[in-house]
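Data from data-v4.txt: compact mmCIF, C-alpha atoms
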# COMPACT_ATOMS: atom_id res chain seq x y z
CA ARG A 1 0.00 0.00 0.00
CA ASN A 2 1.16 3.55 -0.65
CA VAL A 3 1.21 6.41 1.85
CA THR A 4 -2.45 7.20 1.16
CA GLY A 5 -3.50 3.68 2.13
CA VAL A 6 -4.36 2.64 -1.44
CA GLN A 7 -3.10 -0.82 -2.38
CA THR A 8 -0.65 -0.70 -5.28
CA CYS A 9 1.33 -3.25 -7.24
CA ALA A 10 5.02 -3.82 -6.57
CA LEU A 11 5.20 -2.92 -10.24
CA PRO A 12 2.24 -1.79 -12.42
CA ILE A 13 1.53 -5.33 -13.71
CA LEU A 14 -1.63 -7.40 -13.45
CA THR A 15 -1.74 -11.10 -14.31
CA LEU A 16 -5.18 -12.07 -15.57
CA GLU A 17 -6.63 -15.54 -14.79
CA ALA A 18 -3.23 -16.77 -13.54
CA TRP A 19 -4.95 -19.32 -11.30
CA ARG A 20 -5.58 -21.38 -14.45
CA THR A 21 -2.07 -21.20 -15.86
CA PRO A 22 0.36 -20.23 -13.09
CA GLU A 23 3.62 -20.20 -15.08
CA LEU A 24 3.40 -16.49 -15.89
CA ARG A 25 2.44 -15.60 -12.34
CA ASP A 26 5.34 -17.62 -10.97
CA LEU A 27 7.71 -16.05 -13.49
CA LEU A 28 6.82 -12.48 -12.48
CA GLY A 29 6.60 -13.26 -8.78
CA GLU A 30 5.95 -10.33 -6.49
CA ALA A 31 6.28 -7.85 -9.34
CA ALA A 32 2.68 -8.59 -10.36
CA THR A 33 -0.76 -8.70 -8.79
CA GLU A 34 -3.25 -11.37 -9.83
CA ILE A 35 -6.86 -10.64 -10.77
CA SER A 36 -9.56 -12.89 -12.17
CA ILE A 37 -12.47 -11.74 -14.30
CA SER A 38 -14.07 -15.18 -14.08
CA ARG A 39 -14.10 -14.95 -10.27
CA GLY A 40 -14.14 -11.25 -9.47
CA TRP A 41 -16.14 -9.33 -12.07
CA ARG A 42 -19.46 -9.99 -10.28
CA ALA A 43 -18.35 -7.50 -7.63
CA ILE A 44 -19.37 -4.74 -10.05
CA SER A 45 -22.97 -3.63 -9.67
CA TRP A 46 -25.45 -3.90 -12.52
CA ALA A 47 -25.87 -0.11 -12.41
CA ASP A 48 -22.16 0.35 -13.03
CA ALA A 49 -22.34 -2.26 -15.77
CA LEU A 50 -25.21 -0.43 -17.48
CA LEU A 51 -23.33 2.87 -17.39
CA ALA A 52 -20.24 1.13 -18.77
CA ALA A 53 -22.21 -0.50 -21.56
CA LEU A 54 -23.62 2.89 -22.62
CA ARG A 55 -20.15 4.36 -23.07
CA PRO A 56 -18.53 3.87 -26.51
CA GLY A 57 -15.86 1.21 -26.49
CA GLU A 58 -16.86 -0.29 -23.12
CA LEU A 59 -17.44 -4.01 -22.72
CA GLY A 60 -19.71 -4.20 -19.69
CA ARG A 61 -19.14 -5.65 -16.24
CA GLN A 62 -15.92 -7.54 -16.91
CA ALA A 63 -14.18 -4.53 -18.49
CA THR A 64 -15.45 -2.31 -15.70
CA TYR A 65 -14.00 -4.66 -13.11
CA VAL A 66 -10.62 -4.78 -14.87
CA ARG A 67 -10.54 -0.99 -15.23
CA ARG A 68 -11.30 -0.46 -11.56
CA ARG A 69 -8.65 -2.92 -10.46
CA MET A 70 -6.08 -1.29 -12.74
CA THR A 71 -6.91 2.18 -11.40
CA ALA A 72 -6.80 1.04 -7.78
CA LEU A 73 -3.49 -0.76 -8.23
CA GLY A 74 -1.85 1.75 -10.55
CA ALA A 75 -1.25 -0.97 -13.15
CA ARG A 76 0.12 -0.20 -16.60
CA VAL A 77 0.16 -3.65 -18.23
CA ILE A 78 -2.05 -6.75 -18.11
CA ALA A 79 -0.40 -10.09 -18.84
CA THR A 80 -2.25 -13.36 -19.38
CA GLN A 81 -1.78 -16.88 -20.70
CA ILE A 82 -5.46 -17.17 -21.63
CA ASP A 83 -4.84 -16.29 -25.27
CA ASN A 84 -8.07 -17.74 -26.74
CA TYR A 85 -10.67 -15.44 -25.19
CA ASP A 86 -12.47 -12.98 -27.48
CA PHE A 87 -12.86 -10.55 -24.55
CA PHE A 88 -9.23 -9.47 -24.73
CA GLY A 89 -9.34 -8.02 -28.22
CA GLY A 90 -12.20 -5.73 -27.25
CA LEU A 91 -10.51 -4.87 -23.96
CA SER A 92 -7.50 -3.62 -25.93
CA GLY A 93 -9.77 -1.26 -27.84
CA ALA A 94 -11.55 -0.09 -24.70
CA MET A 95 -8.31 0.63 -22.80
CA PRO A 96 -5.91 2.04 -25.42
CA SER A 97 -3.44 3.39 -22.84
CA THR A 98 -2.92 -0.09 -21.39
CA ARG A 99 -0.75 -2.78 -22.96
CA LEU A 100 -2.33 -6.21 -22.82
CA VAL A 101 0.21 -9.00 -23.31
CA ALA A 102 -1.15 -12.43 -24.26
CA VAL A 103 1.33 -15.30 -23.91
CA GLN A 104 0.24 -18.28 -25.98
CA ASN A 105 -0.66 -21.29 -23.87
CA GLY A 106 -1.63 -23.88 -26.50
CA MET A 107 -2.16 -24.65 -30.17
CA ARG A 108 -5.57 -23.34 -31.22
CA LEU A 109 -7.98 -25.43 -33.27
CA ALA A 110 -9.23 -24.34 -36.70
CA HIS A 111 -12.88 -24.21 -35.59
CA GLU A 112 -11.84 -22.38 -32.42
CA LEU A 113 -10.25 -19.56 -34.43
CA ASP A 114 -13.36 -19.28 -36.64
CA THR A 115 -15.53 -19.00 -33.54
CA LEU A 116 -13.26 -16.36 -32.00
CA ARG A 117 -13.40 -14.27 -35.18
CA ALA A 118 -17.19 -14.37 -35.18
CA SER A 119 -17.56 -13.49 -31.51
CA LEU A 120 -15.06 -10.66 -31.04
CA ARG A 121 -16.37 -8.10 -28.57
CA GLY A 122 -15.97 -4.36 -28.95
CA ALA A 123 -16.42 -2.25 -32.09
CA ASP A 124 -12.69 -1.80 -32.73
CA ALA A 125 -11.97 -5.50 -32.36
CA ARG A 126 -14.79 -6.50 -34.72
CA ARG A 127 -13.77 -3.92 -37.33
CA GLU A 128 -10.05 -4.74 -37.28
CA GLY A 129 -10.22 -8.44 -36.43
CA LEU A 130 -8.17 -7.49 -33.38
CA MET A 131 -7.54 -10.55 -31.26
CA HIS A 132 -4.59 -9.25 -29.26
CA ASP A 133 -2.64 -6.13 -28.43
CA VAL A 134 0.73 -7.82 -27.86
CA PHE A 135 0.76 -11.51 -28.80
CA LEU A 136 3.76 -13.60 -27.73
CA CYS A 137 3.14 -16.73 -29.75
CA TRP A 138 4.94 -20.01 -30.32
CA GLY A 139 5.91 -19.62 -33.96
CA GLN A 140 5.15 -17.98 -37.29
CA VAL A 141 2.52 -20.67 -37.87
CA ASP A 142 0.30 -19.01 -35.24
CA ILE A 143 0.49 -15.60 -36.93
CA ASP A 144 -0.31 -17.21 -40.28
CA ARG A 145 -3.26 -19.17 -38.88
CA LEU A 146 -4.75 -16.02 -37.33
CA ALA A 147 -4.39 -14.18 -40.63
CA ARG A 148 -6.19 -16.95 -42.54
CA VAL A 149 -9.36 -16.33 -40.54
CA GLY A 150 -9.05 -12.53 -40.49
CA LEU A 151 -7.59 -12.17 -37.01
CA ALA A 152 -4.55 -10.12 -36.05
CA ALA A 153 -2.50 -8.63 -33.24
CA ARG A 154 -1.12 -5.10 -33.04
CA VAL A 155 2.27 -6.60 -32.17
CA ALA A 156 3.10 -10.28 -32.67
CA ARG A 157 6.36 -11.94 -31.67
CA PRO A 158 6.97 -15.65 -32.45
CA ILE A 159 9.13 -16.37 -29.41
CA GLY A 160 8.33 -19.98 -28.48
CA SER A 161 6.41 -21.78 -25.75
CA LEU A 162 6.74 -20.46 -22.20
CA ARG A 163 6.19 -23.85 -20.57
CA ASP A 164 8.52 -25.61 -23.00
CA SER A 165 11.20 -23.02 -22.25
CA LEU A 166 10.81 -23.53 -18.51
CA HIS A 167 11.24 -27.28 -19.06
CA ARG A 168 14.38 -26.73 -21.15
CA ALA A 169 15.81 -24.54 -18.36
CA ALA A 170 15.31 -27.29 -15.77
CA ALA A 171 18.53 -29.08 -16.69
CA GLU A 172 18.32 -31.51 -13.80
CA ARG A 173 15.11 -33.12 -15.05
CA ILE A 174 15.22 -36.80 -16.01
CA HIS A 175 13.54 -37.92 -19.23
CA PRO A 176 12.70 -41.62 -18.73
CA PRO A 177 13.47 -43.43 -22.00
CA ALA A 178 10.60 -45.05 -23.91
CA GLU A 179 10.28 -46.52 -27.38
CA LEU A 180 6.81 -45.07 -27.86
CA ALA A 181 4.96 -42.31 -26.01
CA VAL A 182 1.31 -41.49 -26.56
CA VAL A 183 0.05 -37.97 -25.85
CA LEU A 184 -3.38 -37.97 -24.21
CA VAL A 185 -4.84 -34.59 -23.34
CA LYS A 186 -7.83 -33.76 -21.14
CA PRO A 187 -9.70 -36.84 -19.92
CA LYS A 188 -13.08 -35.44 -20.91
CA THR A 189 -12.05 -35.74 -24.55
CA PHE A 190 -12.51 -39.49 -24.27
CA ALA A 191 -16.18 -39.18 -23.43
CA PRO A 192 -18.63 -38.32 -26.23
CA THR A 193 -20.40 -35.05 -25.51
CA SER A 194 -22.73 -32.66 -27.29
CA SER A 195 -19.70 -31.01 -28.89
CA THR A 196 -19.11 -32.33 -32.39
CA TYR A 197 -15.38 -31.80 -32.05
CA ARG A 198 -15.21 -33.61 -28.71
CA ARG A 199 -17.19 -36.51 -30.11
CA HIS A 200 -14.88 -36.79 -33.11
CA GLN A 201 -11.82 -36.60 -30.88
CA SER A 202 -13.19 -39.30 -28.61
CA GLU A 203 -13.82 -41.61 -31.54
CA SER A 204 -10.44 -40.84 -33.13
CA ARG A 205 -8.51 -41.40 -29.93
CA SER A 206 -10.22 -44.68 -29.08
CA ARG A 207 -9.42 -46.03 -32.56
CA LEU A 208 -5.82 -44.85 -32.29
CA LEU A 209 -5.40 -46.65 -28.97
CA GLY A 210 -6.80 -49.78 -30.59
CA TYR A 211 -4.20 -49.56 -33.38
CA LEU A 212 -1.49 -48.91 -30.82
CA ALA A 213 -2.40 -51.97 -28.73
CA ARG A 214 -2.22 -54.15 -31.83
CA TYR A 215 1.12 -52.66 -32.87
CA ALA A 216 2.62 -52.94 -29.38
CA ARG A 217 1.76 -56.64 -29.22
CA HIS A 218 3.23 -57.22 -32.66
CA VAL A 219 6.60 -55.51 -32.04
CA GLY A 220 6.83 -56.20 -28.31
CA VAL A 221 6.95 -52.66 -26.83
CA VAL A 222 5.30 -51.14 -23.76
CA PRO A 223 4.15 -47.57 -24.56
CA SER A 224 4.26 -44.70 -22.11
CA MET A 225 1.00 -42.76 -21.86
CA VAL A 226 1.47 -39.01 -21.40
CA LEU A 227 -1.43 -37.83 -19.26
CA VAL A 228 -2.45 -34.41 -17.97
CA PRO A 229 -0.53 -33.58 -14.78
CA GLY A 230 -2.80 -33.41 -11.75
CA ASN A 231 -3.62 -34.75 -8.33
CA THR A 232 -4.06 -38.46 -7.59
CA ALA A 233 -7.79 -38.49 -8.29
CA ARG A 234 -7.34 -36.79 -11.66
CA LEU A 235 -4.58 -39.17 -12.72
CA GLN A 236 -6.61 -42.19 -11.65
CA ALA A 237 -9.57 -40.97 -13.70
CA GLN A 238 -7.32 -40.72 -16.76
CA ARG A 239 -5.95 -44.20 -16.15
CA ARG A 240 -9.46 -45.62 -16.13
CA LEU A 241 -10.25 -43.92 -19.42
CA VAL A 242 -7.09 -45.29 -21.05
CA GLU A 243 -7.94 -48.79 -19.90
CA ARG A 244 -11.34 -48.57 -21.58
CA TYR A 245 -9.69 -48.46 -25.00
CA TYR A 246 -6.15 -49.80 -24.63
CA PHE A 247 -5.75 -53.49 -23.88
CA GLY A 248 -2.16 -54.27 -22.97
CA SER A 249 0.72 -53.19 -20.76
CA TRP A 250 1.52 -49.50 -20.49
CA THR A 251 3.32 -47.09 -18.19
CA THR A 252 3.26 -43.36 -17.47
CA THR A 253 5.71 -40.83 -16.05
CA THR A 254 3.04 -38.16 -15.54
CA THR A 255 2.65 -36.85 -11.97
CA SER A 256 1.27 -33.74 -10.27
CA ASP A 257 4.33 -31.84 -11.55
CA ARG A 258 3.08 -29.58 -14.37
CA LEU A 259 6.22 -30.25 -16.42
CA SER A 260 6.14 -34.04 -16.06
CA SER A 261 4.26 -34.49 -19.34
CA TYR A 262 7.28 -33.00 -21.14
CA ASP A 263 9.54 -35.57 -19.49
CA GLY A 264 7.57 -38.41 -21.08
CA VAL A 265 7.67 -36.88 -24.56
CA MET A 266 11.31 -35.80 -24.52
CA GLY A 267 12.44 -39.24 -23.40
CA ALA A 268 10.50 -41.09 -26.09
CA HIS A 269 11.95 -42.30 -29.37
CA VAL A 270 8.64 -41.59 -31.14
CA THR A 271 5.55 -39.79 -29.81
CA LEU A 272 2.05 -40.50 -31.12
CA GLY A 273 -1.13 -38.49 -30.80
CA ASP A 274 -3.84 -36.59 -32.58
CA GLN A 275 -4.50 -32.85 -32.15
CA SER A 276 -2.33 -31.91 -29.18
CA SER A 277 -0.31 -28.86 -28.17
CA LEU A 278 2.32 -31.11 -26.62
CA LEU A 279 2.72 -32.99 -29.89
CA VAL A 280 3.38 -29.67 -31.63
CA GLU A 281 5.94 -28.75 -28.97
CA ALA A 282 7.61 -32.15 -29.40
CA LEU A 283 8.16 -31.58 -33.13
CA GLY A 284 9.19 -28.03 -32.24
CA ARG A 285 12.14 -29.60 -30.43
CA GLY A 286 12.89 -31.82 -33.41
CA ARG A 287 11.54 -34.97 -31.75
CA ARG A 288 10.08 -37.79 -33.84
CA ILE A 289 6.28 -37.71 -33.89
CA LEU A 290 3.35 -39.26 -35.72
CA SER A 291 0.09 -37.31 -35.64
CA VAL A 292 -2.88 -39.51 -36.54
CA ASN A 293 -6.35 -38.15 -37.23
CA MET A 294 -8.73 -41.11 -37.33
CA SER A 295 -11.73 -38.89 -38.19
CA ASP A 296 -12.92 -36.60 -40.98
CA ASP A 297 -12.80 -33.58 -38.66
CA PRO A 298 -10.10 -31.12 -39.87
CA SER A 299 -9.85 -29.68 -36.35
CA LEU A 300 -7.89 -32.80 -35.42
CA ASP A 301 -5.33 -32.27 -38.19
CA PHE A 302 -1.77 -31.34 -37.26
CA PRO A 303 -1.08 -27.66 -38.15
CA VAL A 304 1.58 -28.60 -40.74
CA GLU A 305 1.11 -31.68 -42.91
CA GLY A 306 4.02 -33.95 -43.78
CA PRO A 307 5.24 -37.53 -43.47
CA TRP A 308 4.67 -37.16 -39.72
CA THR A 309 0.86 -36.96 -40.28
CA LEU A 310 -1.75 -39.56 -41.21
CA LYS A 311 -5.44 -39.15 -42.01
CA LYS A 312 -7.80 -42.10 -41.39
CA PRO A 313 -5.17 -44.76 -42.15
CA THR A 314 -5.76 -48.49 -42.23
CA TYR A 315 -3.90 -50.42 -39.56
CA GLU A 316 -1.35 -51.54 -42.16
CA GLU A 317 -0.69 -47.94 -43.22
CA PHE A 318 -0.37 -46.88 -39.59
CA ALA A 319 2.09 -49.68 -38.74
CA GLU A 320 4.18 -49.08 -41.85
CA ARG A 321 4.51 -45.32 -41.23
CA LEU A 322 5.26 -45.74 -37.52
CA THR A 323 7.94 -48.34 -38.21
CA TRP A 324 9.46 -46.14 -40.91
CA ILE A 325 9.71 -43.14 -38.56
CA HIS A 326 10.95 -45.32 -35.72
CA THR A 327 13.77 -46.93 -37.70
CA MET A 328 15.09 -44.03 -39.78
CA SER A 329 18.38 -42.41 -38.79
CA ASP A 330 18.60 -39.15 -36.86
CA THR A 331 20.15 -37.51 -39.91
CA ALA A 332 17.29 -38.66 -42.12
CA TRP A 333 14.68 -37.37 -39.65
CA ALA A 334 16.40 -33.99 -39.36
CA GLY A 335 16.44 -33.68 -43.14
CA LEU A 336 12.80 -34.70 -43.34
CA ILE A 337 11.49 -32.05 -40.94
CA GLY A 338 13.82 -29.25 -42.10
CA ASP A 339 12.72 -25.85 -40.74
CA VAL A 340 9.28 -27.05 -39.61
CA PRO A 341 10.26 -27.12 -35.89
CA LYS A 342 11.26 -23.44 -35.98
CA TYR A 343 8.06 -22.56 -37.85
CA LEU A 344 5.97 -24.28 -35.18
CA VAL A 345 7.81 -23.37 -31.96
CA ASN A 346 10.56 -20.81 -32.16
CA TYR A 347 13.35 -20.83 -29.61
CA ASN A 348 16.56 -18.90 -29.05
CA PRO A 349 18.90 -20.67 -26.60
CA GLN A 350 20.87 -17.42 -26.16
CA TYR A 351 17.67 -15.66 -25.05
CA PRO A 352 15.24 -18.31 -23.72
CA THR A 353 11.53 -17.67 -24.10
CA HIS A 354 10.77 -17.41 -20.38
CA VAL A 355 13.54 -14.82 -19.92
CA PHE A 356 12.30 -12.76 -22.87
CA VAL A 357 8.69 -12.83 -21.66
CA LYS A 358 9.65 -11.50 -18.25
CA ASP A 359 11.99 -8.87 -19.69
CA LEU A 360 9.33 -7.61 -22.11
CA ILE A 361 6.59 -7.32 -19.50
CA MET A 362 8.93 -5.59 -17.05
CA ALA A 363 10.07 -3.18 -19.77
CA ILE A 364 6.47 -2.21 -20.55
CA ALA A 365 5.66 -1.78 -16.86
CA GLU A 366 8.72 0.40 -16.26
CA ASP A 367 8.28 2.33 -19.53
CA ARG A 368 11.64 1.19 -20.90
CA PRO A 369 12.56 0.19 -24.50
CA TRP A 370 11.39 -3.30 -25.36
CA PRO A 371 14.02 -6.03 -25.53
CA GLU A 372 15.02 -7.30 -28.94
CA ALA A 373 16.11 -10.78 -29.94
CA THR A 374 16.76 -12.72 -33.13
CA TRP A 375 14.19 -15.46 -33.42

Re-express the file's structure as structure tokens.
Amino acid sequence: RNVTGVQTCALPILTLEAWRTPELRDLLGEAATEISISRGWRAISWADALLAALRPGELGRQATYVRRRMTALGARVIATQIDNYDFFGGLSGAMPSTRLVAVQNGMRLAHELDTLRASLRGADARREGLMHDVFLCWGQVDIDRLARVGLAARVARPIGSLRDSLHRAAAERIHPPAELAVVLVKPKTFAPTSSTYRRHQSESRSRLLGYLARYARHVGVVPSMVLVPGNTARLQAQRRLVERYYFGSWTTTTTSDRLSSYDGVMGAHVTLGDQSSLLVEALGRGRRILSVNMSDDPSLDFPVEGPWTLKKPTYEEFAERLTWIHTMSDTAWAGLIGDVPKYLVNYNPQYPTHVFVKDLIMAIAEDRPWPEATW
């Protein structure tokens, strides 16, 4: 608190929705103050919300809440890892003196981008297709994919994955070796729901696990399942879902540690999956992958097609491609993927992503020149 008794930030930085993705909050530490529009915006009265909605450029109760928190705390920049929320583009237009930094947290689906474009809030955002003010994305692929659906950012920097960079920096981590790893994202994606995409993903993943079980028996390997890190109950729920579709021996290295899923992928000779951010990050590191879409839904396609992708293969086609990738030399694989890893997930070992993100946000907050790096 300052001398007048008003609470202020250690630095004029707010982290938005950091309870969902804590890496950015942990990176900034005491320099930032956390706020949540999903938890806190209801504190604004409906009368205030009505007045806000009548003002040009305002976005209603959520924007009013954010504005009040920024004023009370003396904040100059908002940073968030929730980069797929249409609210932020309109917020940038409603608060032009504030820099809003969105740090990409995952690979966005094709239908998700279409939906975001259609639902942008705020007149400026709708007119300009403004999704972000400052967008710190994984690679050039993300800028290109936004452009294809008419979305943009005022400033876009393809700097790599924050979580991947934090994992690279943890040199003491052990990557348990495995012949095959299988990336399995949120458990709910196994259960058919009213969402067409979720239903297609459930069907695709169950068929992929069936192919994998057959292949594992044939070649005599025990795959490692890469689950979503969580508490014991969450991990047990995922185990039960795997066992519904995969009949055979399997292991996992996933724990409550948020970076443990990277350990399983980086220690594997080949990683399988369908649409998955972690699969993209694996190829971004030059790892061998095989992305298999067992459905007709293009949302499950890997963002860049190549020999590392398959679309509704027969079992024989699946086994042949997997064996081919598994047995080729490192030199052959490197030549096959070329510059695709850099296009997907940029990374500069002389200026790691997590260091750059912190430096940029601190520079904005302290009104200093932005850092530059060759990506």

A straight line from CA of Arg157 in chain A to CA of Asp114 in chain A spans 21.6 Å

One-decimal distance in Å that lies between CA of Pro177 in chain A and CA of Arg239 in chain A: 20.3 Å

Find the residues of range 237-278 of chain A that sit at most 9 Å from range 103-108 of chain A; for each, write down the nearest two atoms and how far apart they are in Å, to one decimal. Count only C-alpha atoms. Sort by chain, then by number going up, and give it as a tab-separated table.
residue	atom	partner	partner_atom	distance
A:Gln275	CA	A:Met107	CA	8.8
A:Ser276	CA	A:Met107	CA	7.3
A:Ser277	CA	A:Met107	CA	5.0
A:Leu278	CA	A:Gly106	CA	8.2

Considering only C-alpha atoms, state which residue in the set A:Ala282, A:Val340, A:Leu322, A:Leu184 is at the smallest distance from Tyr215 in chain A.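 Comparing A:Ala282, A:Val340, A:Leu322, A:Leu184 against Tyr215 in chain A, the winner is A:Leu322.
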
Can you pull out every residue within 9 Å of Pro223 in chain A, counting only C-alpha atoms, but drop anything in the same chain fewer than 2 positions away, and send it as a VMD selection string? chain A and resid 178 to 182 212 to 213 216 221 225 249 to 252

Let me see the file: selected residues, C-alpha atoms, as a PDB file, keeping the file's coordinate frame.
ATOM      1  CA  ALA A 178      10.600 -45.050 -23.910  1.00  0.00           C
ATOM      2  CA  GLU A 179      10.280 -46.520 -27.380  1.00  0.00           C
ATOM      3  CA  LEU A 180       6.810 -45.070 -27.860  1.00  0.00           C
ATOM      4  CA  ALA A 181       4.960 -42.310 -26.010  1.00  0.00           C
ATOM      5  CA  VAL A 182       1.310 -41.490 -26.560  1.00  0.00           C
ATOM      6  CA  LEU A 212      -1.490 -48.910 -30.820  1.00  0.00           C
ATOM      7  CA  ALA A 213      -2.400 -51.970 -28.730  1.00  0.00           C
ATOM      8  CA  ALA A 216       2.620 -52.940 -29.380  1.00  0.00           C
ATOM      9  CA  VAL A 221       6.950 -52.660 -26.830  1.00  0.00           C
ATOM     10  CA  MET A 225       1.000 -42.760 -21.860  1.00  0.00           C
ATOM     11  CA  SER A 249       0.720 -53.190 -20.760  1.00  0.00           C
ATOM     12  CA  TRP A 250       1.520 -49.500 -20.490  1.00  0.00           C
ATOM     13  CA  THR A 251       3.320 -47.090 -18.190  1.00  0.00           C
ATOM     14  CA  THR A 252       3.260 -43.360 -17.470  1.00  0.00           C
TER      15      THR A 252
END

Any idea what the distance is between CA of Arg154 in chain A and CA of Pro352 in chain A? 23.0 Å

Please provide as a VMD selection string all residues within 10 Å of range 288-291 of chain A, with the sequence filter that same-chain residues fewer than 3 positions apart are discarded (counting only C-alpha atoms). chain A and resid 180 to 183 265 to 266 268 to 276 279 to 280 282 to 285 294 300 to 302 305 to 311 318 321 to 322 325 to 326 328 330 333 to 334 337

Using only C-alpha atoms, I'd like a table of the residues in range 204-311 of chain A that come within 9 Å of range 128-141 of chain A; for each, show the closest atom pair and its distance in Å rounded to one decimal, ordered by chain and ascending number, as CSV.
residue,atom,partner,partner_atom,distance
A:Glu281,CA,A:Trp138,CA,8.9
A:Pro303,CA,A:Val141,CA,7.9
A:Val304,CA,A:Val141,CA,8.5

Which residues are near Glu23 in chain A? Cut-off 9 Å, only C-alpha atoms, ignore same chain within fewer than 6 positions. Put them as a list in words. Gln81, Leu162, Arg163 and Leu166 of chain A

Hey, which of A:Leu344, A:Leu241, A:Leu14, A:Leu360 ends up closest to Asp142 in chain A? Count all atoms listed in the file.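 Smallest distance to Asp142 in chain A is found for A:Leu344.
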